[in-house]
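The structure appears below as structure tokens.
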Amino acid sequence: MRYHNITKDDMLNGDGLRVVLWVAGCSHGCPECQNPVTWDPNGGLPFTEKEKHELFDELEKPYIAGITFSGGDPLHEVNEVEITELAKEIRDRFPHKTIWLYTGYEWSALTGHEILNYIDVLVDGRYEKELRDTRLHWRGSANQHVIDVKESLRQGYIVSHI
Ligand code: SF4
């Protein structure tokens with residue numbers, strides 16, 4: 001897996017102060033995407049043990065609410081396996097931190113994906129510029145959902161994260 005950035009004390013990509021991993025690789029091609037530099041799965045830098053420990057060091061801090069995986073698309077075929085392993089490890093090591101994930105795939109396409117067992121909030125769907133709405137919280141366009149993953153799996157339909 002490759003990545004473009006790790007941002008710290010981030011307030012724009014989920015609840016509280018977060019560490020955010022911006023991975024490389026996205027095949028959705030949304031018009032007016034704000035991060036087209038992240039589309040190339042061969043772009044950015046290799047994600048190694050060093051970067052993993054950089055994330056863990058942030059998660060050790062009591063004021064950090066959790067981690068957000070963004071990109072690019074963390075569920076692009078080149079990323080999903082490693083992101084799933086990473087999310088599982090974080091869930092085990094930091095059970096009180098929240099895990100958010102932004103993906104261009106829709107909730108209905110992710111049924112049965114192992115990653116859903118480890119994340120708290122999933123923001124799903126492509127960015128649709130015609131549906132852009134700056135009043136929306138945590139999402140760019142109205143087609144996207146900010147999903148409470150555990151509750152949605154329990155209920156069998158999308159339950160929004162408040
Ligand atoms: S899913 Fe996100 S990163 Fe990928 S093209 Fe769409 S807006 Fe850009």
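Following the order of the structure tokens, chains are lettered A, B, ..., residues in each are numbered from 1, and ligands are numbered from 1.
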Please produce, as a tab-separated table, a per-residue contact table for chain A versus ligand 1 (criterion: any atom at most 7 Å away, only C-alpha atoms and all ligand atoms considered), showing the nearest atom pair and its distance in Å to one decimal, sorted by chain then residue number.
```
residue	atom	partner	partner_atom_place_in_ligand_line	distance
A:Cys26	CA	ligand 1	4 (Fe)	4.8
A:Ser27	CA	ligand 1	4 (Fe)	6.3
A:His28	CA	ligand 1	5 (S)	4.7
A:Gly29	CA	ligand 1	5 (S)	4.0
A:Cys30	CA	ligand 1	5 (S)	4.2
A:Cys33	CA	ligand 1	8 (Fe)	4.1
A:Gln34	CA	ligand 1	8 (Fe)	6.1
A:Asn35	CA	ligand 1	8 (Fe)	5.5
A:Pro36	CA	ligand 1	8 (Fe)	5.9
A:Thr38	CA	ligand 1	3 (S)	6.6
A:Trp39	CA	ligand 1	4 (Fe)	6.5
A:Gly71	CA	ligand 1	3 (S)	5.5
A:Gly72	CA	ligand 1	3 (S)	4.1
A:Asp73	CA	ligand 1	4 (Fe)	5.8
A:Thr103	CA	ligand 1	1 (S)	6.0
A:Gly104	CA	ligand 1	1 (S)	3.9
A:Arg126	CA	ligand 1	1 (S)	4.9
A:Tyr127	CA	ligand 1	7 (S)	4.7
```
Save the residues we just selected, C-alpha atoms, as a PDB file, in the first residue's frame?
```pdb
ATOM      1  CA  CYS A  26      -8.873   5.523  -6.403  1.00  0.00           C
ATOM      2  CA  SER A  27     -10.770   4.376  -9.494  1.00  0.00           C
ATOM      3  CA  HIS A  28     -14.030   6.318  -9.056  1.00  0.00           C
ATOM      4  CA  GLY A  29     -13.006   9.338 -11.123  1.00  0.00           C
ATOM      5  CA  CYS A  30     -15.545  11.745  -9.614  1.00  0.00           C
ATOM      6  CA  CYS A  33     -12.652  15.514  -7.016  1.00  0.00           C
ATOM      7  CA  GLN A  34     -10.546  17.614  -4.661  1.00  0.00           C
ATOM      8  CA  ASN A  35      -7.724  15.064  -4.548  1.00  0.00           C
ATOM      9  CA  PRO A  36      -7.058  13.751  -8.098  1.00  0.00           C
ATOM     10  CA  THR A  38      -4.401  10.481  -5.054  1.00  0.00           C
ATOM     11  CA  TRP A  39      -5.973   8.458  -7.879  1.00  0.00           C
ATOM     12  CA  GLY A  71      -7.592   9.034   0.182  1.00  0.00           C
ATOM     13  CA  GLY A  72      -7.816   8.068  -2.577  1.00  0.00           C
ATOM     14  CA  ASP A  73     -10.018   5.175  -1.606  1.00  0.00           C
ATOM     15  CA  THR A 103     -14.900   5.380   0.456  1.00  0.00           C
ATOM     16  CA  GLY A 104     -16.369   6.002  -2.989  1.00  0.00           C
ATOM     17  CA  ARG A 126     -18.839   8.947  -4.902  1.00  0.00           C
ATOM     18  CA  TYR A 127     -18.660  12.713  -4.783  1.00  0.00           C
TER      19      TYR A 127
END
```
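Once A:Ile119 and its same-chain neighbours fewer than 4 positions away are set aside, A:Ala87, A:Lys88, A:Arg91, A:Thr98, A:Ile99, A:Trp100, A:Leu101, A:Ile115, A:Val149, A:Lys150 remain within 9 Å of it when counting only C-alpha atoms.
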How about saving the chosen residues, all heavy atoms kept, as a PDB file, in the first residue's frame?
```pdb
ATOM      1  N   ALA A  87      -6.914  -1.818  10.395  1.00  0.00           N
ATOM      2  CA  ALA A  87      -8.091  -1.475  11.207  1.00  0.00           C
ATOM      3  C   ALA A  87      -8.300  -2.523  12.304  1.00  0.00           C
ATOM      4  O   ALA A  87      -8.625  -2.180  13.450  1.00  0.00           O
ATOM      5  CB  ALA A  87      -9.329  -1.375  10.319  1.00  0.00           C
ATOM      6  N   LYS A  88      -8.096  -3.782  11.971  1.00  0.00           N
ATOM      7  CA  LYS A  88      -8.245  -4.858  12.961  1.00  0.00           C
ATOM      8  C   LYS A  88      -7.230  -4.682  14.090  1.00  0.00           C
ATOM      9  O   LYS A  88      -7.569  -4.791  15.273  1.00  0.00           O
ATOM     10  CB  LYS A  88      -8.053  -6.214  12.272  1.00  0.00           C
ATOM     11  CG  LYS A  88      -8.264  -7.417  13.149  1.00  0.00           C
ATOM     12  CD  LYS A  88      -8.243  -8.671  12.267  1.00  0.00           C
ATOM     13  CE  LYS A  88      -8.718  -9.890  13.000  1.00  0.00           C
ATOM     14  NZ  LYS A  88      -7.794 -10.393  13.994  1.00  0.00           N
ATOM     15  N   ARG A  91      -8.237  -1.741  16.222  1.00  0.00           N
ATOM     16  CA  ARG A  91      -9.393  -2.109  17.046  1.00  0.00           C
ATOM     17  C   ARG A  91      -8.942  -2.900  18.270  1.00  0.00           C
ATOM     18  O   ARG A  91      -9.413  -2.686  19.388  1.00  0.00           O
ATOM     19  CB  ARG A  91     -10.381  -2.915  16.182  1.00  0.00           C
ATOM     20  CG  ARG A  91     -11.575  -3.476  16.848  1.00  0.00           C
ATOM     21  CD  ARG A  91     -12.410  -2.470  17.627  1.00  0.00           C
ATOM     22  NE  ARG A  91     -13.056  -1.467  16.809  1.00  0.00           N
ATOM     23  CZ  ARG A  91     -12.975  -0.132  17.023  1.00  0.00           C
ATOM     24  NH1 ARG A  91     -12.280   0.344  18.035  1.00  0.00           N
ATOM     25  NH2 ARG A  91     -13.591   0.725  16.255  1.00  0.00           N
ATOM     26  N   THR A  98     -12.088   5.648  18.031  1.00  0.00           N
ATOM     27  CA  THR A  98     -13.015   5.379  16.930  1.00  0.00           C
ATOM     28  C   THR A  98     -12.270   5.309  15.592  1.00  0.00           C
ATOM     29  O   THR A  98     -11.241   5.960  15.396  1.00  0.00           O
ATOM     30  CB  THR A  98     -14.104   6.454  16.845  1.00  0.00           C
ATOM     31  OG1 THR A  98     -13.491   7.735  16.676  1.00  0.00           O
ATOM     32  CG2 THR A  98     -14.970   6.440  18.086  1.00  0.00           C
ATOM     33  N   ILE A  99     -12.820   4.511  14.695  1.00  0.00           N
ATOM     34  CA  ILE A  99     -12.240   4.337  13.360  1.00  0.00           C
ATOM     35  C   ILE A  99     -13.278   4.775  12.335  1.00  0.00           C
ATOM     36  O   ILE A  99     -14.393   4.237  12.299  1.00  0.00           O
ATOM     37  CB  ILE A  99     -11.826   2.865  13.126  1.00  0.00           C
ATOM     38  CG1 ILE A  99     -10.863   2.393  14.222  1.00  0.00           C
ATOM     39  CG2 ILE A  99     -11.194   2.711  11.744  1.00  0.00           C
ATOM     40  CD1 ILE A  99     -10.444   0.927  14.104  1.00  0.00           C
ATOM     41  N   TRP A 100     -12.921   5.771  11.532  1.00  0.00           N
ATOM     42  CA  TRP A 100     -13.772   6.261  10.442  1.00  0.00           C
ATOM     43  C   TRP A 100     -13.121   5.898   9.109  1.00  0.00           C
ATOM     44  O   TRP A 100     -11.884   5.799   9.011  1.00  0.00           O
ATOM     45  CB  TRP A 100     -13.922   7.783  10.504  1.00  0.00           C
ATOM     46  CG  TRP A 100     -14.824   8.311  11.571  1.00  0.00           C
ATOM     47  CD1 TRP A 100     -14.826   7.976  12.894  1.00  0.00           C
ATOM     48  CD2 TRP A 100     -15.843   9.320  11.403  1.00  0.00           C
ATOM     49  NE1 TRP A 100     -15.790   8.715  13.560  1.00  0.00           N
ATOM     50  CE2 TRP A 100     -16.424   9.547  12.673  1.00  0.00           C
ATOM     51  CE3 TRP A 100     -16.308  10.057  10.308  1.00  0.00           C
ATOM     52  CZ2 TRP A 100     -17.452  10.467  12.875  1.00  0.00           C
ATOM     53  CZ3 TRP A 100     -17.329  10.976  10.507  1.00  0.00           C
ATOM     54  CH2 TRP A 100     -17.890  11.171  11.776  1.00  0.00           C
ATOM     55  N   LEU A 101     -13.945   5.720   8.079  1.00  0.00           N
ATOM     56  CA  LEU A 101     -13.397   5.411   6.756  1.00  0.00           C
ATOM     57  C   LEU A 101     -14.243   6.087   5.676  1.00  0.00           C
ATOM     58  O   LEU A 101     -15.480   5.965   5.692  1.00  0.00           O
ATOM     59  CB  LEU A 101     -13.353   3.890   6.556  1.00  0.00           C
ATOM     60  CG  LEU A 101     -12.656   3.389   5.284  1.00  0.00           C
ATOM     61  CD1 LEU A 101     -11.929   2.068   5.548  1.00  0.00           C
ATOM     62  CD2 LEU A 101     -13.639   3.217   4.120  1.00  0.00           C
ATOM     63  N   ILE A 115     -13.861  -5.561   6.649  1.00  0.00           N
ATOM     64  CA  ILE A 115     -13.530  -4.258   7.250  1.00  0.00           C
ATOM     65  C   ILE A 115     -14.676  -3.703   8.088  1.00  0.00           C
ATOM     66  O   ILE A 115     -14.459  -3.010   9.076  1.00  0.00           O
ATOM     67  CB  ILE A 115     -13.118  -3.251   6.137  1.00  0.00           C
ATOM     68  CG1 ILE A 115     -12.643  -1.916   6.739  1.00  0.00           C
ATOM     69  CG2 ILE A 115     -14.257  -2.966   5.174  1.00  0.00           C
ATOM     70  CD1 ILE A 115     -11.202  -1.811   6.938  1.00  0.00           C
ATOM     71  N   VAL A 149     -21.833   2.168  11.557  1.00  0.00           N
ATOM     72  CA  VAL A 149     -21.656   0.827  10.975  1.00  0.00           C
ATOM     73  C   VAL A 149     -22.246  -0.265  11.862  1.00  0.00           C
ATOM     74  O   VAL A 149     -23.010  -1.115  11.388  1.00  0.00           O
ATOM     75  CB  VAL A 149     -20.165   0.554  10.688  1.00  0.00           C
ATOM     76  CG1 VAL A 149     -19.957  -0.884  10.217  1.00  0.00           C
ATOM     77  CG2 VAL A 149     -19.647   1.539   9.636  1.00  0.00           C
ATOM     78  N   LYS A 150     -21.917  -0.233  13.151  1.00  0.00           N
ATOM     79  CA  LYS A 150     -22.392  -1.317  14.037  1.00  0.00           C
ATOM     80  C   LYS A 150     -23.927  -1.371  14.057  1.00  0.00           C
ATOM     81  O   LYS A 150     -24.528  -2.435  13.942  1.00  0.00           O
ATOM     82  CB  LYS A 150     -21.869  -1.100  15.460  1.00  0.00           C
ATOM     83  CG  LYS A 150     -20.400  -1.435  15.604  1.00  0.00           C
ATOM     84  CD  LYS A 150     -19.991  -1.428  17.075  1.00  0.00           C
ATOM     85  CE  LYS A 150     -18.492  -1.627  17.224  1.00  0.00           C
ATOM     86  NZ  LYS A 150     -17.710  -0.482  16.722  1.00  0.00           N
TER      87      LYS A 150
END
```
- Message: Nearest residue to A:Phe69 out of A:Val146, A:Leu131, A:Leu86, A:Val20, using only C-alpha atoms?
- Response: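 Nearest to A:Phe69: A:Val20.
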Which residues are close to A:Lys129, i.e. within 10 Å by only C-alpha atoms, leaving aside same-chain residues fewer than 4 positions away? Reply as a CSV table (one decimal) with C-alpha atoms, in the first residue's frame.
```csv
chain,number,residue,atom,x,y,z
A,30,CYS,CA,-15.5,11.7,-9.6
A,31,PRO,CA,-15.7,15.0,-11.6
A,32,GLU,CA,-14.3,17.9,-9.5
A,33,CYS,CA,-12.7,15.5,-7.0
A,133,ASP,CA,-23.9,20.9,-0.4
A,140,GLY,CA,-19.4,16.7,0.4
A,141,SER,CA,-22.5,15.7,-1.6
A,142,ALA,CA,-26.1,14.7,-0.5
```
- Which of chain A counts as strand (DSSP E) under DSSP, as a PyMOL selection string please? chain A and resi 2-10+17-23+45-46+64-70+98-102+121-124+145-148
- Message: For the alpha helix (DSSP H) assignment from backbone DSSP, which residues of chain A qualify? Please present them as an MDAnalysis selection string.
- Response: chainID A and resid 49:60 80:93 149:155
